[in-house]
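**Student:** Quick one: this structure, given as structure tokens, is what I'll be asking you about.
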Amino acid sequence: MRFLRELFAGSATPTQHADPCVRVEPVLGHGAAASAGAPSFVGAKPAAILGGHADWITRVRLAFGIEPALFDERVMPLLHNLARYVNQLPATPDAEFSEPGGLFRLSLATAFFALQGADGQIFTGQATISDRKKLEEKWRLATFLAGLCAELHRALRRLRVVDAGGKTWSPYLVPLSAWLAEREPGTIRLNWSNPAAEARATAVFAVPIVVPASTLAYLAEDGDQILPHCLAAISGVPLWGEHNIVAELVRDASIAVHAHEQQLLATSSGRAPSPTYWARHLVEAAQALARSSAAWEANGAKSRVHLGCDGLYLLWPEAGADLIHMLDRRGFVAVPKSTDTLADLLLQAGVLSARPDGHTLWHIRLPGQTETMDAVKLNLPDILLASVTPRPEALRDALHAVPTAGSTQAPGAPAASSPAPATAVQLALPGMPSRPDNPAPPAPPAPDPEKLRLQIALRAPARLNRQVALALHAVVETLGRKGSHRAALLVEGGLVVTENLFKRARIDPGVALRALREADMLLLDAAGAPVREPVGDGRTGMVIAACHIDGLNAHLQATMSDTRGASDAS
């Protein structure tokens with residue numbers, strides 16, 4: 001991110017930049033204001049649009065580093081077609097890139113930084129040197145193309161271009177410049193649908209209009225990976241079981257460009273980011289957590305994510321705190337620090353579903369629990385689970401805790417006990433022993449020590465290093481298996497683990513110790529040093545505090561009962 005800050009250093013405002021590489025046209029009336037009597041949308045010739053971004057195009061030419069004739073043959077048709085397609089459309093009605101030509105500038109900037117990021121990537125590690133050189137050129141072109149088209153869903157989803165007669169431009173069929181050529185100047189208005197959830201996959205329909213058929217054929221030659229990865233990056237749809245470097249480059253470029261523009265907006269006018277801006281990146285962060293974090297595995301014992309037959313819920317504010325931390329790590333500027341703000345943004349963007357009474361938070365009851373928990377509900381489970389493999393199965397029961405009819409208590413509160421119905425007295429038949437009217441309830445069965453042993457589980461904070469958490473989960477599972485080899489020791493203070501445990505998991509013990517301390521999981525003495533417990537053979541181990549081990553007391557009691565039984569038998 002440092003080179004981006006240096007590149008953008010000295011920028012003045014979001015619409016008038018000191019850096020020549022981001023110079024834009026003067027701001028004219030557009031968007032929602034245009035429909036209220038402001039100046040109408042004014043188009044421009046594609047050549048004029050390209051001339052207004054000559055500095056950007058020069059940088060793109062240098063970044064490609066190919067012969068001028070080859071650049072004019074392969075790249076310039078893409079830029080010319082893009083200018084014809086979006087013309088002077090803004091990218092948003094009143095936020096970042098909202099000036100005329102903002103969508104073209106956004107697309108060109110995203111493509112440029114994606115291309116720069118491709119310079120250090122190895123796309124074809126298994127190919128020979130000669131084949132690699134040939135394929136690398138195609139991968140770089142595909143990365144630039146993906147960045148160029150990734151933002152075009154804005155023209156297809158949220159924006160409607162209407163003439164004086166009420167006829168609407170169809171972005172699925174013709175470029176905007178061709179449609180404007182048949183209309184009188186000064187009669188065009190822009191209508192925005194707001195709020196609206198992003199539909200990035202619609203950008204694929206613009207590809208045949210922007211990308212010449214010869215370019216698509218060129219990328220499809222010599223392999224069947226380049227074009228699918230490019231189209232997947234444009235649409236935002238992950239490829240099943242494949243790592244898409246192109247999508248990562250485009251995502252990072254988009255984050256950098258938007259973050260810079262948002263910083264300029266916040267500095268110059270104090271405007272907050274729009275809900276749709278945050279919604280995309282919040283959803284991407286949630287999808288990344290669902291693929292990589294143990295705390296986001298659906299329906300897990302300590303998971304943030306719970307999938308019932310009535311929908312997908314995220315525990316809140318726990319899931320919101322994870323998202324804020326993820327955006328901070330990805331380098332976002334001005335990340336909202338309030339989980340309430342995040343929930344409101346996702347609700348406005350159409351990602352979340354509100355309760356029938358209009359509230360954002362739902363009350364859910366997890367299986368086997370009596371208390372309710374606060375959560376937010378996604379409109380569609382696939383928003384989060386589309387890229388998760390294998391796909392988790394939904395629970396049979398609904399998770400939403402619906403209060404009983406006529407109840408005035410708050411949702412999730414335990415139901416008031418109702419008086420037991422009167423029981424009829426049954427007369428004893430002849431020859432049949434009499435029994436009391438209210439027999440004493442049978443004594444509860446004694447707990448099964450084996451089941452108590454199986455109920456032990458690790459409660460690891462979401463911030464714990466994933467590899468360390470997986471190693472601890474694996475060793476805790478062995479504690480509930482009868483006759484298994486003990487890789488750790490349970491004591492009253494918690495779980496004793498040795499350095500050998502992490503070495504077997506190929507984790508540096510120092511890294512594991514630091515991760516456990518940062519997650520506040522270690523038992524500390526009065527001086528603040530980790531407590532060490534002997535484990536035999538002169539070795540000691542660090543102690544994970546008992547508050548992070550569910551079922552510890554029951555497990556110890558079951559073990560003690562087994563020991564007492566063995567002593568009595570002897």
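Every chain in the structure tokens has a letter given in the order shown (A, B, ...), and although residue numbers restart at 1 in each chain, ligands are simply numbered from 1 in the order shown.
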Residues near Arg330 of chain A, anyone? I mean within 12 Å using only C-alpha atoms, not counting same-chain ones fewer than 6 positions away, as a list in words.
**Tutor:**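 The neighbour list is Met1, Arg251, Asp252, Ala253, Ser254, Ile255, Ala256, Ala259, His281, Leu282, Glu284, Ala285, Ala288, Leu323 and Ile324 of chain A.
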**Student:** Save the residues we just selected, C-alpha atoms, as a tab-separated table (two decimals), in the first residue's frame?
**Tutor:**
chain	number	residue	atom	x	y	z
A	1	MET	CA	0.00	0.00	0.00
A	251	ARG	CA	-9.88	-7.03	-5.51
A	252	ASP	CA	-6.71	-5.46	-4.09
A	253	ALA	CA	-6.66	-2.84	-6.84
A	254	SER	CA	-10.31	-1.99	-6.21
A	255	ILE	CA	-9.67	-1.65	-2.47
A	256	ALA	CA	-6.71	0.66	-3.07
A	259	ALA	CA	-9.82	3.65	-0.18
A	281	HIS	CA	-16.10	-5.47	1.01
A	282	LEU	CA	-17.94	-6.59	4.14
A	284	GLU	CA	-16.03	-10.40	0.75
A	285	ALA	CA	-14.50	-10.28	4.24
A	288	ALA	CA	-13.03	-15.09	3.47
A	323	LEU	CA	-15.43	-8.03	10.08
A	324	ILE	CA	-14.04	-4.76	11.44
**Student:** Restricting the calculation to only C-alpha atoms, which member of A:Leu399, A:Arg463, A:His473, A:Thr370 is positioned closest to His325 of chain A?
**Tutor:**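 Using only C-alpha atoms, His325 of chain A sits closest to A:Arg463.
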**Student:** Rounded to one decimal place, report the atom CA of Arg539 of chain A-atom CA of Thr498 of chain A distance in Å.
**Tutor:**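 Atom CA of Arg539 of chain A sits 8.1 Å away from atom CA of Thr498 of chain A.
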**Student:** Which residues come within 10 Å of Ile226 of chain A, counting only C-alpha atoms, excluding same-chain residues fewer than 5 positions away, as a ChimeraX atom specification?
**Tutor:** /A:123,135-136,138-143,219-221,231,244,246
**Student:** Can those selected residues be exported to a file as a PDB file, in the first residue's frame so that it contains N, CA, C and O atoms?
**Tutor:**
ATOM      1  N   PHE A 123       2.016 -16.915 -12.827  1.00  0.00           N
ATOM      2  CA  PHE A 123       0.733 -17.525 -13.136  1.00  0.00           C
ATOM      3  C   PHE A 123       0.884 -18.970 -13.606  1.00  0.00           C
ATOM      4  O   PHE A 123      -0.020 -19.780 -13.418  1.00  0.00           O
ATOM      5  N   LEU A 135       2.488 -17.283 -22.121  1.00  0.00           N
ATOM      6  CA  LEU A 135       1.270 -17.298 -21.324  1.00  0.00           C
ATOM      7  C   LEU A 135       1.214 -16.128 -20.342  1.00  0.00           C
ATOM      8  O   LEU A 135       0.125 -15.629 -20.038  1.00  0.00           O
ATOM      9  N   GLU A 136       2.378 -15.702 -19.831  1.00  0.00           N
ATOM     10  CA  GLU A 136       2.383 -14.576 -18.893  1.00  0.00           C
ATOM     11  C   GLU A 136       1.814 -13.321 -19.551  1.00  0.00           C
ATOM     12  O   GLU A 136       1.124 -12.532 -18.898  1.00  0.00           O
ATOM     13  N   LYS A 138      -0.513 -13.218 -21.756  1.00  0.00           N
ATOM     14  CA  LYS A 138      -1.967 -13.357 -21.783  1.00  0.00           C
ATOM     15  C   LYS A 138      -2.570 -13.167 -20.394  1.00  0.00           C
ATOM     16  O   LYS A 138      -3.639 -12.556 -20.246  1.00  0.00           O
ATOM     17  N   TRP A 139      -1.893 -13.696 -19.375  1.00  0.00           N
ATOM     18  CA  TRP A 139      -2.398 -13.519 -18.016  1.00  0.00           C
ATOM     19  C   TRP A 139      -2.426 -12.038 -17.629  1.00  0.00           C
ATOM     20  O   TRP A 139      -3.362 -11.576 -16.974  1.00  0.00           O
ATOM     21  N   ARG A 140      -1.409 -11.297 -18.008  1.00  0.00           N
ATOM     22  CA  ARG A 140      -1.367  -9.869 -17.674  1.00  0.00           C
ATOM     23  C   ARG A 140      -2.468  -9.107 -18.405  1.00  0.00           C
ATOM     24  O   ARG A 140      -3.109  -8.223 -17.844  1.00  0.00           O
ATOM     25  N   LEU A 141      -2.692  -9.466 -19.675  1.00  0.00           N
ATOM     26  CA  LEU A 141      -3.777  -8.827 -20.418  1.00  0.00           C
ATOM     27  C   LEU A 141      -5.128  -9.186 -19.791  1.00  0.00           C
ATOM     28  O   LEU A 141      -6.017  -8.326 -19.674  1.00  0.00           O
ATOM     29  N   ALA A 142      -5.288 -10.448 -19.380  1.00  0.00           N
ATOM     30  CA  ALA A 142      -6.544 -10.859 -18.753  1.00  0.00           C
ATOM     31  C   ALA A 142      -6.762 -10.137 -17.433  1.00  0.00           C
ATOM     32  O   ALA A 142      -7.895  -9.783 -17.089  1.00  0.00           O
ATOM     33  N   THR A 143      -5.699  -9.906 -16.671  1.00  0.00           N
ATOM     34  CA  THR A 143      -5.822  -9.171 -15.403  1.00  0.00           C
ATOM     35  C   THR A 143      -6.241  -7.730 -15.654  1.00  0.00           C
ATOM     36  O   THR A 143      -7.107  -7.186 -14.957  1.00  0.00           O
ATOM     37  N   LEU A 219      -7.193 -14.852 -25.784  1.00  0.00           N
ATOM     38  CA  LEU A 219      -7.062 -15.324 -24.409  1.00  0.00           C
ATOM     39  C   LEU A 219      -7.485 -16.780 -24.256  1.00  0.00           C
ATOM     40  O   LEU A 219      -7.040 -17.466 -23.326  1.00  0.00           O
ATOM     41  N   ALA A 220      -8.358 -17.253 -25.140  1.00  0.00           N
ATOM     42  CA  ALA A 220      -8.836 -18.634 -25.041  1.00  0.00           C
ATOM     43  C   ALA A 220      -7.881 -19.627 -25.665  1.00  0.00           C
ATOM     44  O   ALA A 220      -8.027 -20.841 -25.457  1.00  0.00           O
ATOM     45  N   GLU A 221      -6.888 -19.161 -26.412  1.00  0.00           N
ATOM     46  CA  GLU A 221      -5.932 -20.072 -27.037  1.00  0.00           C
ATOM     47  C   GLU A 221      -4.958 -20.628 -25.998  1.00  0.00           C
ATOM     48  O   GLU A 221      -4.705 -20.007 -24.974  1.00  0.00           O
ATOM     49  N   LEU A 231     -13.137 -14.052 -16.350  1.00  0.00           N
ATOM     50  CA  LEU A 231     -14.578 -13.837 -16.222  1.00  0.00           C
ATOM     51  C   LEU A 231     -15.037 -14.020 -14.778  1.00  0.00           C
ATOM     52  O   LEU A 231     -15.953 -13.315 -14.313  1.00  0.00           O
ATOM     53  N   ASN A 244      -7.774 -18.232  -7.626  1.00  0.00           N
ATOM     54  CA  ASN A 244      -7.882 -17.255  -8.701  1.00  0.00           C
ATOM     55  C   ASN A 244      -7.025 -16.038  -8.369  1.00  0.00           C
ATOM     56  O   ASN A 244      -7.451 -15.138  -7.638  1.00  0.00           O
ATOM     57  N   VAL A 246      -6.085 -13.739 -10.464  1.00  0.00           N
ATOM     58  CA  VAL A 246      -6.628 -12.561 -11.149  1.00  0.00           C
ATOM     59  C   VAL A 246      -7.663 -11.870 -10.272  1.00  0.00           C
ATOM     60  O   VAL A 246      -7.668 -10.634 -10.133  1.00  0.00           O
TER      61      VAL A 246
END
**Student:** Can you pull out every residue within 12 Å of Ala512 of chain A, counting only C-alpha atoms, but drop anything in the same chain fewer than 2 positions away, and send it as a VMD selection string?
**Tutor:** chain A and resid 464 to 472 497 to 503 505 to 510 514 to 519 521 to 522 542 544
**Student:** What does the distance between atom CA of Glu492 of chain A and atom CA of Gly541 of chain A come to in Å, to one decimal place?
**Tutor:** 14.3 Å
**Student:** Find, counting only C-alpha atoms, the residue in A:Tyr313, A:Leu342, A:Ile66, A:Leu152 that gets nearest to Leu108 of chain A.
**Tutor:**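 Comparing A:Tyr313, A:Leu342, A:Ile66, A:Leu152 against Leu108 of chain A, the winner is A:Leu152.
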**Student:** Enumerate, as a ChimeraX atom specification, the complete set of residues in segment 125-364 of chain A that a backbone-based DSSP assignment places in helix (DSSP H, G or I).
**Tutor:** /A:129-149,153-157,176-180,200-210,213-220,226-235,245-268,275-292,294-296,318-329,339-348
**Student:** Counting only C-alpha atoms, figure out which residue out of A:His260, A:Arg355, A:Ser193, A:Ser40 gets nearest to Leu159 of chain A.
**Tutor:** A:Ser193
